[in-house]
file input.json (JSON, C-alpha atoms (C1' of nucleotides))
[["chain", "number", "residue", "atom", "x", "y", "z"],
["D", 1, "MET", "CA", 52.34, -26.55, 59.58],
["D", 2, "VAL", "CA", 48.92, -25.14, 60.33],
["D", 3, "GLN", "CA", 48.93, -22.01, 62.43],
["D", 4, "TYR", "CA", 46.66, -22.04, 65.46],
["D", 5, "VAL", "CA", 46.29, -18.38, 66.31],
["D", 6, "SER", "CA", 45.38, -17.94, 69.94],
["D", 7, "PRO", "CA", 42.42, -15.74, 70.75],
["D", 8, "PRO", "CA", 43.48, -12.96, 73.10],
["D", 9, "LEU", "CA", 44.53, -13.90, 76.61],
["D", 10, "ASP", "CA", 41.52, -11.96, 77.83],
["D", 11, "LEU", "CA", 39.25, -14.69, 76.55],
["D", 12, "SER", "CA", 41.23, -17.66, 77.76],
["D", 13, "PHE", "CA", 41.96, -16.33, 81.23],
["D", 14, "ALA", "CA", 38.31, -15.36, 81.58],
["D", 15, "ALA", "CA", 37.34, -18.87, 80.46],
["D", 16, "LEU", "CA", 39.66, -20.36, 83.09],
["D", 17, "SER", "CA", 38.31, -18.17, 85.87],
["D", 18, "ASP", "CA", 35.29, -20.41, 86.42],
["D", 19, "ALA", "CA", 35.64, -23.67, 88.34],
["D", 20, "THR", "CA", 33.00, -25.42, 86.24],
["D", 21, "ARG", "CA", 34.88, -24.60, 83.07],
["D", 22, "ARG", "CA", 38.18, -25.75, 84.51],
["D", 23, "GLY", "CA", 36.34, -28.94, 85.43],
["D", 24, "ILE", "CA", 35.12, -29.32, 81.86],
["D", 25, "ILE", "CA", 38.68, -29.08, 80.60],
["D", 26, "ASP", "CA", 39.68, -31.67, 83.18],
["D", 27, "GLN", "CA", 36.93, -33.94, 81.98],
["D", 28, "LEU", "CA", 37.70, -33.47, 78.30],
["D", 29, "GLY", "CA", 41.27, -34.40, 79.15],
["D", 30, "ARG", "CA", 39.91, -37.84, 80.03],
["D", 31, "GLU", "CA", 37.50, -38.27, 77.14],
["D", 32, "ASP", "CA", 35.50, -36.33, 74.62],
["D", 33, "ALA", "CA", 31.97, -35.62, 75.75],
["D", 34, "SER", "CA", 28.57, -34.46, 74.55],
["D", 35, "ILE", "CA", 26.83, -31.41, 75.98],
["D", 36, "THR", "CA", 24.32, -33.73, 77.65],
["D", 37, "SER", "CA", 26.94, -35.85, 79.40],
["D", 38, "LEU", "CA", 28.74, -32.73, 80.63],
["D", 39, "ALA", "CA", 25.48, -31.23, 81.85],
["D", 40, "ASP", "CA", 24.79, -34.43, 83.79],
["D", 41, "LYS", "CA", 28.27, -34.56, 85.27],
["D", 42, "PHE", "CA", 28.16, -30.95, 86.43],
["D", 43, "GLN", "CA", 24.49, -30.99, 87.46],
["D", 44, "MET", "CA", 23.43, -28.20, 85.22],
["D", 45, "THR", "CA", 20.82, -27.59, 82.55],
["D", 46, "LEU", "CA", 21.75, -28.31, 78.96],
["D", 47, "THR", "CA", 21.41, -24.63, 78.16],
["D", 48, "GLY", "CA", 23.73, -23.67, 80.99],
["D", 49, "MET", "CA", 26.34, -26.18, 79.90],
["D", 50, "LYS", "CA", 26.06, -25.04, 76.32],
["D", 51, "LYS", "CA", 26.99, -21.52, 77.42],
["D", 52, "HIS", "CA", 30.06, -22.74, 79.28],
["D", 53, "VAL", "CA", 31.17, -24.72, 76.26],
["D", 54, "GLN", "CA", 30.67, -21.66, 74.08],
["D", 55, "VAL", "CA", 32.91, -19.62, 76.35],
["D", 56, "LEU", "CA", 35.60, -22.28, 76.11],
["D", 57, "GLU", "CA", 35.14, -22.46, 72.38],
["D", 58, "ARG", "CA", 35.45, -18.70, 71.88],
["D", 59, "ALA", "CA", 38.68, -18.91, 73.85],
["D", 60, "GLY", "CA", 39.88, -21.66, 71.54],
["D", 61, "LEU", "CA", 40.32, -24.10, 74.39],
["D", 62, "VAL", "CA", 37.62, -26.47, 73.19],
["D", 63, "VAL", "CA", 36.35, -27.40, 69.76],
["D", 64, "THR", "CA", 33.00, -28.97, 69.05],
["D", 65, "GLN", "CA", 31.46, -30.81, 66.20],
["D", 66, "LYS", "CA", 27.87, -31.78, 65.71],
["D", 67, "VAL", "CA", 27.15, -35.19, 64.22],
["D", 68, "GLY", "CA", 23.52, -36.06, 63.96],
["D", 69, "ARG", "CA", 21.87, -34.61, 67.00],
["D", 70, "VAL", "CA", 24.94, -34.91, 69.25],
["D", 71, "ARG", "CA", 27.50, -32.16, 69.66],
["D", 72, "THR", "CA", 30.81, -33.63, 70.73],
["D", 73, "CYS", "CA", 33.28, -31.46, 72.66],
["D", 74, "LYS", "CA", 37.01, -32.01, 72.78],
["D", 75, "LEU", "CA", 40.09, -30.10, 73.78],
["D", 76, "GLY", "CA", 41.21, -27.54, 71.23],
["D", 77, "LYS", "CA", 44.44, -28.18, 69.41],
["D", 78, "ARG", "CA", 45.95, -24.83, 70.30],
["D", 79, "GLY", "CA", 46.34, -25.87, 73.93],
["D", 80, "LEU", "CA", 47.51, -23.54, 76.68],
["D", 81, "LYS", "CA", 50.79, -22.47, 75.15],
["D", 82, "ALA", "CA", 50.19, -18.72, 75.09],
["D", 83, "GLU", "CA", 48.84, -18.76, 78.63],
["D", 84, "ALA", "CA", 51.77, -20.81, 79.92],
["D", 85, "GLU", "CA", 54.18, -18.41, 78.28],
["D", 86, "TRP", "CA", 52.59, -15.34, 79.83],
["D", 87, "ILE", "CA", 52.50, -16.94, 83.26],
["D", 88, "GLU", "CA", 56.08, -18.17, 83.09],
["D", 89, "ALA", "CA", 57.46, -14.86, 81.89],
["D", 90, "HIS", "CA", 55.74, -13.03, 84.68],
["D", 91, "ARG", "CA", 56.57, -15.59, 87.30],
["D", 92, "LYS", "CA", 60.16, -14.70, 86.63],
["D", 93, "LEU", "CA", 59.28, -11.03, 87.01],
["D", 94, "PHE", "CA", 57.80, -11.72, 90.44],
["D", 95, "GLU", "CA", 60.87, -13.65, 91.51],
["D", 96, "ALA", "CA", 63.32, -11.08, 90.18],
["D", 97, "ARG", "CA", 61.45, -8.39, 92.07],
["D", 98, "PHE", "CA", 61.77, -10.26, 95.35],
["D", 99, "GLU", "CA", 65.43, -11.02, 95.00],
["D", 100, "ALA", "CA", 66.05, -7.32, 94.60],
["D", 101, "LEU", "CA", 63.67, -6.15, 97.28],
["D", 102, "ASP", "CA", 63.66, -8.85, 99.88],
["D", 103, "ASP", "CA", 65.14, -6.73, 102.61],
["D", 104, "ILE", "CA", 62.88, -3.77, 101.89],
["D", 105, "ILE", "CA", 59.83, -5.99, 102.04],
["D", 106, "SER", "CA", 60.74, -7.52, 105.36],
["D", 107, "GLU", "CA", 61.30, -4.05, 106.68],
["D", 108, "LEU", "CA", 57.84, -3.01, 105.51],
["D", 109, "ASN", "CA", 56.38, -6.08, 107.17],
["D", 110, "ARG", "CA", 57.98, -5.10, 110.45],
["D", 111, "GLU", "CA", 56.28, -1.72, 110.27],
["D", 112, "GLY", "CA", 52.61, -1.29, 111.23],
["D", 113, "ARG", "CA", 50.25, -2.72, 108.67],
["D", 114, "ASP", "CA", 47.71, -0.63, 106.75],
["D", 115, "GLU", "CA", 44.02, -1.35, 107.36],
["D", 116, "PRO", "CA", 44.46, -3.90, 110.19],
["D", 117, "ALA", "CA", 40.84, -5.16, 110.14],
["D", 118, "SER", "CA", 38.38, -3.84, 107.60],
["E", 1, "MET", "CA", 58.60, -20.55, 106.31],
["E", 2, "VAL", "CA", 55.52, -18.42, 106.08],
["E", 3, "GLN", "CA", 52.71, -19.97, 104.12],
["E", 4, "TYR", "CA", 51.22, -17.84, 101.35],
["E", 5, "VAL", "CA", 47.83, -19.39, 100.75],
["E", 6, "SER", "CA", 46.64, -18.63, 97.25],
["E", 7, "PRO", "CA", 43.17, -17.24, 96.84],
["E", 8, "PRO", "CA", 41.13, -19.49, 94.54],
["E", 9, "LEU", "CA", 42.16, -19.71, 90.92],
["E", 10, "ASP", "CA", 38.83, -18.11, 90.07],
["E", 11, "LEU", "CA", 40.06, -14.80, 91.41],
["E", 12, "SER", "CA", 43.51, -14.85, 89.88],
["E", 13, "PHE", "CA", 42.45, -15.99, 86.42],
["E", 14, "ALA", "CA", 39.68, -13.40, 86.46],
["E", 15, "ALA", "CA", 42.24, -10.78, 87.49],
["E", 16, "LEU", "CA", 44.49, -11.82, 84.59],
["E", 17, "SER", "CA", 41.67, -11.70, 82.06],
["E", 18, "ASP", "CA", 41.95, -7.93, 81.67],
["E", 19, "ALA", "CA", 44.72, -6.39, 79.57],
["E", 20, "THR", "CA", 45.00, -3.34, 81.80],
["E", 21, "ARG", "CA", 45.56, -5.53, 84.84],
["E", 22, "ARG", "CA", 48.15, -7.64, 83.04],
["E", 23, "GLY", "CA", 49.80, -4.34, 82.14],
["E", 24, "ILE", "CA", 49.80, -3.28, 85.78],
["E", 25, "ILE", "CA", 51.58, -6.51, 86.72],
["E", 26, "ASP", "CA", 54.07, -5.84, 83.95],
["E", 27, "GLN", "CA", 54.66, -2.37, 85.27],
["E", 28, "LEU", "CA", 55.01, -3.46, 88.89],
["E", 29, "GLY", "CA", 57.57, -5.97, 87.67],
["E", 30, "ARG", "CA", 59.71, -2.97, 86.75],
["E", 31, "GLU", "CA", 59.07, -0.82, 89.81],
["E", 32, "ASP", "CA", 56.61, -0.27, 92.61],
["E", 33, "ALA", "CA", 54.05, 2.39, 91.84],
["E", 34, "SER", "CA", 51.41, 4.60, 93.38],
["E", 35, "ILE", "CA", 47.80, 4.56, 92.28],
["E", 36, "THR", "CA", 48.28, 7.98, 90.71],
["E", 37, "SER", "CA", 51.29, 6.98, 88.63],
["E", 38, "LEU", "CA", 49.49, 3.86, 87.40],
["E", 39, "ALA", "CA", 46.39, 5.90, 86.58],
["E", 40, "ASP", "CA", 48.57, 8.27, 84.54],
["E", 41, "LYS", "CA", 50.36, 5.47, 82.76],
["E", 42, "PHE", "CA", 47.13, 3.71, 81.78],
["E", 43, "GLN", "CA", 45.16, 6.90, 81.10],
["E", 44, "MET", "CA", 42.43, 6.22, 83.54],
["E", 45, "THR", "CA", 40.80, 7.97, 86.47],
["E", 46, "LEU", "CA", 42.23, 7.37, 89.93],
["E", 47, "THR", "CA", 39.01, 5.67, 90.94],
["E", 48, "GLY", "CA", 39.14, 3.36, 87.97],
["E", 49, "MET", "CA", 42.74, 2.40, 88.67],
["E", 50, "LYS", "CA", 41.95, 1.85, 92.32],
["E", 51, "LYS", "CA", 39.36, -0.74, 91.32],
["E", 52, "HIS", "CA", 41.82, -2.62, 89.13],
["E", 53, "VAL", "CA", 44.36, -2.67, 91.93],
["E", 54, "GLN", "CA", 41.71, -3.98, 94.30],
["E", 55, "VAL", "CA", 40.92, -6.83, 91.94],
["E", 56, "LEU", "CA", 44.62, -7.72, 91.80],
["E", 57, "GLU", "CA", 44.86, -7.41, 95.55],
["E", 58, "ARG", "CA", 41.89, -9.69, 96.21],
["E", 59, "ALA", "CA", 43.58, -12.23, 93.93],
["E", 60, "GLY", "CA", 46.75, -11.91, 96.01],
["E", 61, "LEU", "CA", 48.79, -10.84, 93.01],
["E", 62, "VAL", "CA", 49.49, -7.36, 94.32],
["E", 63, "VAL", "CA", 49.91, -5.96, 97.80],
["E", 64, "THR", "CA", 49.56, -2.32, 98.73],
["E", 65, "GLN", "CA", 50.56, -0.19, 101.62],
["E", 66, "LYS", "CA", 49.56, 3.34, 102.39],
["E", 67, "VAL", "CA", 52.19, 5.66, 103.74],
["E", 68, "GLY", "CA", 51.08, 9.22, 104.29],
["E", 69, "ARG", "CA", 48.74, 9.98, 101.47],
["E", 70, "VAL", "CA", 50.37, 7.65, 98.96],
["E", 71, "ARG", "CA", 49.33, 4.04, 98.46],
["E", 72, "THR", "CA", 52.21, 2.07, 97.02],
["E", 73, "CYS", "CA", 51.48, -1.07, 95.01],
["E", 74, "LYS", "CA", 53.91, -3.93, 94.52],
["E", 75, "LEU", "CA", 53.80, -7.50, 93.32],
["E", 76, "GLY", "CA", 52.45, -9.95, 95.89],
["E", 77, "LYS", "CA", 54.84, -12.43, 97.36],
["E", 78, "ARG", "CA", 52.73, -15.44, 96.49],
["E", 79, "GLY", "CA", 53.50, -15.04, 92.80],
["E", 80, "LEU", "CA", 51.88, -17.11, 90.08],
["E", 81, "LYS", "CA", 52.83, -20.55, 91.34],
["E", 82, "ALA", "CA", 49.34, -22.03, 91.66],
["E", 83, "GLU", "CA", 48.36, -20.68, 88.25],
["E", 84, "ALA", "CA", 51.50, -21.99, 86.61],
["E", 85, "GLU", "CA", 50.89, -25.40, 88.13],
["E", 86, "TRP", "CA", 47.32, -25.60, 86.89],
["E", 87, "ILE", "CA", 48.31, -24.50, 83.41],
["E", 88, "GLU", "CA", 51.26, -26.88, 83.19],
["E", 89, "ALA", "CA", 49.28, -29.86, 84.43],
["E", 90, "HIS", "CA", 46.57, -29.23, 81.89],
["E", 91, "ARG", "CA", 48.93, -28.44, 79.11],
["E", 92, "LYS", "CA", 50.13, -32.01, 79.48],
["E", 93, "LEU", "CA", 46.53, -33.18, 79.37],
["E", 94, "PHE", "CA", 46.01, -31.38, 76.08],
["E", 95, "GLU", "CA", 49.15, -32.90, 74.62],
["E", 96, "ALA", "CA", 48.40, -36.41, 75.85],
["E", 97, "ARG", "CA", 44.97, -36.15, 74.30],
["E", 98, "PHE", "CA", 46.42, -35.31, 70.92],
["E", 99, "GLU", "CA", 48.99, -38.01, 70.88],
["E", 100, "ALA", "CA", 46.23, -40.53, 71.45],
["E", 101, "LEU", "CA", 43.74, -39.02, 69.06],
["E", 102, "ASP", "CA", 45.78, -37.49, 66.30],
["E", 103, "ASP", "CA", 44.48, -39.81, 63.64],
["E", 104, "ILE", "CA", 40.87, -39.49, 64.74],
["E", 105, "ILE", "CA", 41.12, -35.72, 64.67],
["E", 106, "SER", "CA", 42.57, -35.57, 61.22],
["E", 107, "GLU", "CA", 39.79, -37.87, 60.09],
["E", 108, "LEU", "CA", 37.21, -35.52, 61.58],
["E", 109, "ASN", "CA", 38.87, -32.60, 59.86],
["E", 110, "ARG", "CA", 38.57, -34.38, 56.56],
["E", 111, "GLU", "CA", 34.82, -34.76, 57.08],
["E", 112, "GLY", "CA", 32.47, -31.82, 56.48],
["E", 113, "ARG", "CA", 32.62, -29.14, 59.11],
["E", 114, "ASP", "CA", 29.73, -28.13, 61.31],
["E", 115, "GLU", "CA", 28.40, -24.58, 60.95],
["E", 116, "PRO", "CA", 30.54, -23.57, 57.95],
["E", 117, "ALA", "CA", 29.80, -19.82, 58.24],
["E", 118, "SER", "CA", 27.67, -18.45, 61.04],
["S", 1, "DT", "C1'", 4.14, -42.19, 61.90],
["S", 2, "DA", "C1'", 4.84, -41.20, 66.78],
["S", 3, "DC", "C1'", 7.73, -40.61, 70.44],
["S", 4, "DA", "C1'", 12.00, -39.70, 72.68],
["S", 5, "DT", "C1'", 16.46, -37.51, 72.54],
["S", 6, "DA", "C1'", 19.80, -33.70, 71.95],
["S", 7, "DC", "C1'", 20.40, -29.58, 71.21],
["S", 8, "DT", "C1'", 19.21, -24.46, 70.36],
["S", 9, "DG", "C1'", 17.47, -19.73, 71.08],
["S", 10, "DA", "C1'", 14.94, -16.19, 73.33],
["S", 11, "DA", "C1'", 13.91, -14.16, 77.44],
["S", 12, "DC", "C1'", 14.57, -13.34, 82.00],
["S", 13, "DC", "C1'", 17.01, -12.71, 86.66],
["S", 14, "DA", "C1'", 20.65, -11.46, 89.91],
["S", 15, "DT", "C1'", 25.11, -10.15, 90.27],
["S", 16, "DA", "C1'", 29.70, -8.53, 88.66],
["S", 17, "DT", "C1'", 32.85, -5.55, 85.77],
["S", 18, "DA", "C1'", 34.81, -1.53, 83.77],
["S", 19, "DG", "C1'", 34.41, 2.65, 83.68],
["S", 20, "DT", "C1'", 32.75, 7.38, 84.94],
["S", 21, "DT", "C1'", 31.65, 11.78, 87.99],
["S", 22, "DC", "C1'", 31.27, 14.11, 92.17],
["S", 23, "DA", "C1'", 31.95, 15.00, 96.79],
["S", 24, "DG", "C1'", 34.42, 14.10, 100.30],
["S", 25, "DT", "C1'", 38.84, 12.96, 103.92],
["S", 26, "DG", "C1'", 43.42, 13.10, 105.32],
["S", 27, "DT", "C1'", 48.42, 14.69, 104.31],
["S", 28, "DT", "C1'", 52.02, 17.78, 102.66],
["S", 29, "DT", "C1'", 53.77, 21.93, 101.67],
["S", 30, "DA", "C1'", 54.14, 26.95, 100.97],
["I", 1, "DT", "C1'", 46.51, 28.50, 107.89],
["I", 2, "DA", "C1'", 45.51, 27.81, 103.00],
["I", 3, "DA", "C1'", 46.15, 25.42, 98.99],
["I", 4, "DA", "C1'", 47.40, 21.40, 96.56],
["I", 5, "DC", "C1'", 47.73, 16.49, 96.38],
["I", 6, "DA", "C1'", 46.50, 11.48, 96.81],
["I", 7, "DC", "C1'", 43.29, 8.80, 97.70],
["I", 8, "DT", "C1'", 38.44, 7.04, 98.92],
["I", 9, "DG", "C1'", 33.46, 6.08, 98.64],
["I", 10, "DA", "C1'", 28.91, 6.52, 96.80],
["I", 11, "DA", "C1'", 26.25, 6.52, 92.93],
["I", 12, "DC", "C1'", 25.45, 5.81, 88.28],
["I", 13, "DT", "C1'", 25.93, 3.72, 83.40],
["I", 14, "DA", "C1'", 26.45, 0.03, 80.14],
["I", 15, "DT", "C1'", 27.60, -4.45, 79.39],
["I", 16, "DA", "C1'", 28.83, -9.32, 80.62],
["I", 17, "DT", "C1'", 28.24, -13.66, 83.36],
["I", 18, "DG", "C1'", 26.07, -17.66, 85.24],
["I", 19, "DG", "C1'", 22.27, -19.49, 85.72],
["I", 20, "DT", "C1'", 17.31, -20.55, 84.86],
["I", 21, "DT", "C1'", 12.70, -21.77, 82.12],
["I", 22, "DC", "C1'", 10.12, -22.44, 78.12],
["I", 23, "DA", "C1'", 9.32, -23.24, 73.51],
["I", 24, "DG", "C1'", 11.11, -24.67, 69.68],
["I", 25, "DT", "C1'", 13.95, -27.68, 65.70],
["I", 26, "DA", "C1'", 16.26, -31.61, 64.06],
["I", 27, "DT", "C1'", 17.44, -36.46, 64.50],
["I", 28, "DG", "C1'", 17.03, -41.29, 65.77],
["I", 29, "DT", "C1'", 14.16, -45.23, 66.88],
["I", 30, "DA", "C1'", 10.20, -48.36, 67.67]]

call {"tool": "encode", "arguments": {"input": "input.json", "output": "structure tokens"}}
result
Amino acid sequence: MVQYVSPPLDLSFAALSDATRRGIIDQLGREDASITSLADKFQMTLTGMKKHVQVLERAGLVVTQKVGRVRTCKLGKRGLKAEAEWIEAHRKLFEARFEALDDIISELNREGRDEPAS
Amino acid sequence: MVQYVSPPLDLSFAALSDATRRGIIDQLGREDASITSLADKFQMTLTGMKKHVQVLERAGLVVTQKVGRVRTCKLGKRGLKAEAEWIEAHRKLFEARFEALDDIISELNREGRDEPAS
DNA sequence: TACATACTGAACCATATAGTTCAGTGTTTA
DNA sequence: TAAACACTGAACTATATGGTTCAGTATGTA
């Protein structure tokens, strides 16, 4: 089996922190697309779209291939496994914390709140 | 039931894109902590740590409360639900894409690669 | 060959991030 | 009351991001 080493979570979470890029992933989930078609769909210059695709590519979420003058973008094979694992592990952490501390938290909520209106 | 509206995914994914901040979440999963203790643990100035905590707070991942001169940080009640949902939904997208296109992809891999060594 | 298409790269802009130092303010404690 | 502690805010630095325009290069087509 080929190993798909995930680039650090820094890169993928940063890539996912932009709505346009999440939209690109959405779109590539439907069909592969050229830079031009993505730029049209997201109302952006070619150059701007190219940068977004590069961010996704550095994160390993998208792969591209140029054939002739067209660069085709598709979802990267490595997927979102590492990200899902981090999120799930820490989701459990959150939950465990609240089971243990539920009463303390509600007590804190009953007390006066810090910085009522900044 | 109280509704915990998640700040946009932009903010939470951006918050998670930094290793120090993921470490802070890790740490708060073990026990609540003051800014000072976190700053010590991550070898950073108080001011620097305060900024990280603010990023996590804006994303709704951490809540803080100041009592006396100590600001205590803990995991936010809203958890990572919205993020987990986005990731899971799109993980399926990735997989579905590869089931459909597995043969096409392996064909593309057999062809010459674009930009062999940049 | 000439034109259109699809991308690419450099340069620029405004804003954000990750960190710092320094000078406070407010709180505890001796 | 004085000193120590915990935080806060302003200001600064260097670098990244999200976008643009403009000037290419390479490819496809009439």

call {"tool": "atom_distance", "arguments": {"input": "input.json", "atom1": "atom CA of E:Ala96", "atom2": "atom CA of D:Lys51"}}
result
26.1 Å

call {"tool": "closest_residue", "arguments": {"input": "input.json", "among": "D:Lys74, D:Arg30, D:Gly23, D:Pro8", "to": "E:Leu93", "atoms": "only C-alpha atoms"}}
result
D:Arg30

call {"tool": "residues_around", "arguments": {"input": "input.json", "residues": "stretch 10-15 of chain I", "least_positions_apart": "2", "cutoff": "12 Å", "atoms": "only C-alpha atoms (C1' of nucleotides)", "output": "ChimeraX atom specification"}}
result
/E:47 /S:16-24 /I:8,17

call {"tool": "write_last_selection", "arguments": {"input": "input.json", "atoms": "C-alpha atoms (C1' of nucleotides)", "output": "compact mmCIF listing (two decimals), keeping the file's coordinate frame"}}
result
# COMPACT_ATOMS: atom_id res chain seq x y z
CA THR E 47 39.01 5.67 90.94
C1' DA S 16 29.70 -8.53 88.66
C1' DT S 17 32.85 -5.55 85.77
C1' DA S 18 34.81 -1.53 83.77
C1' DG S 19 34.41 2.65 83.68
C1' DT S 20 32.75 7.38 84.94
C1' DT S 21 31.65 11.78 87.99
C1' DC S 22 31.27 14.11 92.17
C1' DA S 23 31.95 15.00 96.79
C1' DG S 24 34.42 14.10 100.30
C1' DT I 8 38.44 7.04 98.92
C1' DT I 17 28.24 -13.66 83.36

call {"tool": "residues_around", "arguments": {"input": "input.json", "residues": "E:Thr36", "least_positions_apart": "4", "cutoff": "9 Å", "atoms": "all atoms listed in the file", "output": "count of residues only"}}
result
10

call {"tool": "residues_around", "arguments": {"input": "input.json", "residues": "stretch 12-18 of chain E", "least_positions_apart": "3", "cutoff": "9 Å", "atoms": "only C-alpha atoms (C1' of nucleotides)", "output": "number ranges by chain"}}
result
D: 9-18; E: 6-9, 21-23, 52, 55-56, 58-61, 80, 83

call {"tool": "atom_distance", "arguments": {"input": "input.json", "atom1": "atom CA of D:Ile24", "atom2": "atom CA of D:Val62"}}
result
9.5 Å

call {"tool": "atom_distance", "arguments": {"input": "input.json", "atom1": "atom CA of D:Ser37", "atom2": "atom CA of E:Arg91"}}
result
23.2 Å

call {"tool": "closest_residue", "arguments": {"input": "input.json", "among": "E:Arg69, E:Ile35, E:Asp26, E:Glu57", "to": "chain S", "atoms": "only C-alpha atoms (C1' of nucleotides)"}}
result
E:Arg69

call {"tool": "interface_residues", "arguments": {"input": "input.json", "of": "chain I", "to": "chain D", "cutoff": "9 Å", "atoms": "only C-alpha atoms (C1' of nucleotides)", "output": "ChimeraX atom specification"}}
result
/I:18-20,26-28

call {"tool": "closest_residue", "arguments": {"input": "input.json", "among": "D:Ser34, D:Gln65, D:Thr72, D:Thr20", "to": "chain E", "atoms": "only C-alpha atoms"}}
result
D:Gln65

call {"tool": "interface_residues", "arguments": {"input": "input.json", "of": "chain S", "to": "chain D", "cutoff": "10 Å", "atoms": "all atoms listed in the file", "output": "compact mmCIF listing (two decimals) with C-alpha atoms (C1' of nucleotides), in the coordinates of the input"}}
result
# COMPACT_ATOMS: atom_id res chain seq x y z
C1' DT S 5 16.46 -37.51 72.54
C1' DA S 6 19.80 -33.70 71.95
C1' DC S 7 20.40 -29.58 71.21
C1' DT S 8 19.21 -24.46 70.36
C1' DG S 9 17.47 -19.73 71.08

call {"tool": "closest_residue", "arguments": {"input": "input.json", "among": "D:Ala33, D:Ala84, D:Val63, D:Leu75", "to": "E:Phe98", "atoms": "only C-alpha atoms"}}
result
D:Leu75

call {"tool": "residues_around", "arguments": {"input": "input.json", "residues": "S:DA30", "least_positions_apart": "2", "cutoff": "10 Å", "atoms": "only C-alpha atoms (C1' of nucleotides)", "output": "list in words"}}
result
DT28 of chain S; DA2, DA3 and DA4 of chain I

call {"tool": "write_last_selection", "arguments": {"input": "input.json", "atoms": "C-alpha atoms (C1' of nucleotides)", "output": "PDB file, keeping the file's coordinate frame"}}
result
ATOM      1  C1'  DT S  28      52.020  17.780 102.660  1.00  0.00           C
TER       2       DT S  28
ATOM      3  C1'  DA I   2      45.510  27.810 103.000  1.00  0.00           C
ATOM      4  C1'  DA I   3      46.150  25.420  98.990  1.00  0.00           C
ATOM      5  C1'  DA I   4      47.400  21.400  96.560  1.00  0.00           C
TER       6       DA I   4
END
